[in-house]
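Below is one structure, written out as structure tokens, with a few remarks after it.
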Amino acid sequence: NAGVTQTPKFQVLKTGQSMTLQCAQDMNHEYMSWYRQDPGMGLRLIHYSVGAGITDQGEVPNGYNVSRSTTEDFPLRLLSAAPSQTSVYFCASSSDRGRSSGNTIYFGEGSWLTVV
Amino acid sequence: AQSVTQPDIHITVSEGASLELRCNYSYGATPYLFWYVQSPGQGLQLLLKYFSGDTLVQGIKGFEAEFKRSQSSFNLRKPSVHWSDAAEYFCAVGAGNFGNEKLTFGTGTRLTIIP
């Protein structure tokens, strides 16, 4: 059971380049989300999805696109990288099993992105 | 919209001393609350969570947290810290039908342990 897998772990981009951060989970979870972490800011939600074909914006969506064509995958696309997108990115997933079960949210190990 | 405030940016505690990290939240309904810990260069590890029931929640590594609705607080405590507890701690409130669709995090509290 791999859990939540993020790739790549480290990436350096030039301003204006595009790239995709991959996120995959093997737990058949309905919910998936992307966060970015910056010093002094905590983690902030970029985009999230409650199921295949359904996505929505979080707190800081500008400059990022997502899609959810399968339950397992939730890629995050940077269309034209900017230095302000230098950050650590975390993908998370969880299931919808009812309130009483106290659903666990699983995080990936993070992707360190530097835009120069 | 929900929000989380962690008023202490940095706390220094002697090894063996007790610890309390503060967390205040704002949420319109019964909150789903979490505490995570992060060591430098690492991912997030869940310490404990509150969904319902007993307001005193036990977690891993000897941590506990108490949900106080009247004070909108969910403070994290440990009776005796160890040097390995040095890390950054994040409080979060969950939203959605079951509190796990998306999280709003506080800005974190960095814990330093001195011998």
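Going by the structure tokens order, chains are called A, B, ..., each with residues numbered from 1, while ligands are numbered from 1 in the order shown.
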For this session: Using only C-alpha atoms, find the residues of chain B whose closest atom to chain A is at most 9 Å away, then write them as a PyMOL selection string.
Result: chain B and resi 9+32+42-46+49-52+90+97-108
For this session: Apply DSSP to the structure's backbone, then extract all residues of chain B labelled strand (DSSP E) and return them as a PyMOL selection string.
Result: chain B and resi 3-5+10-14+19-21+24-26+32-38+45-50+56-58+64-68+73-78+87-95+102-105+109-114
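What separates atom CA of Leu47 of chain B from atom CA of Thr7 of chain A is a distance of 25.2 Å.
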Problem set entry | Shell of 8 Å around Val66 of chain A, only C-alpha atoms, local chain residues under 2 positions omitted, as a PyMOL selection string | chain A and resi 47+55+64+68+74-77
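Every residue of segment 10-115 of chain A found in helix (DSSP H, G or I) when DSSP is run on the backbone appears here: A:Pro83, A:Ser84, A:Gln85, A:Arg99, A:Ser100, A:Ser101.
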Problem set entry | Which residue of B:Pro115, B:Thr5, B:Lys61, B:Trp35 approaches Pro79 of chain B most closely, using only C-alpha atoms | B:Lys61
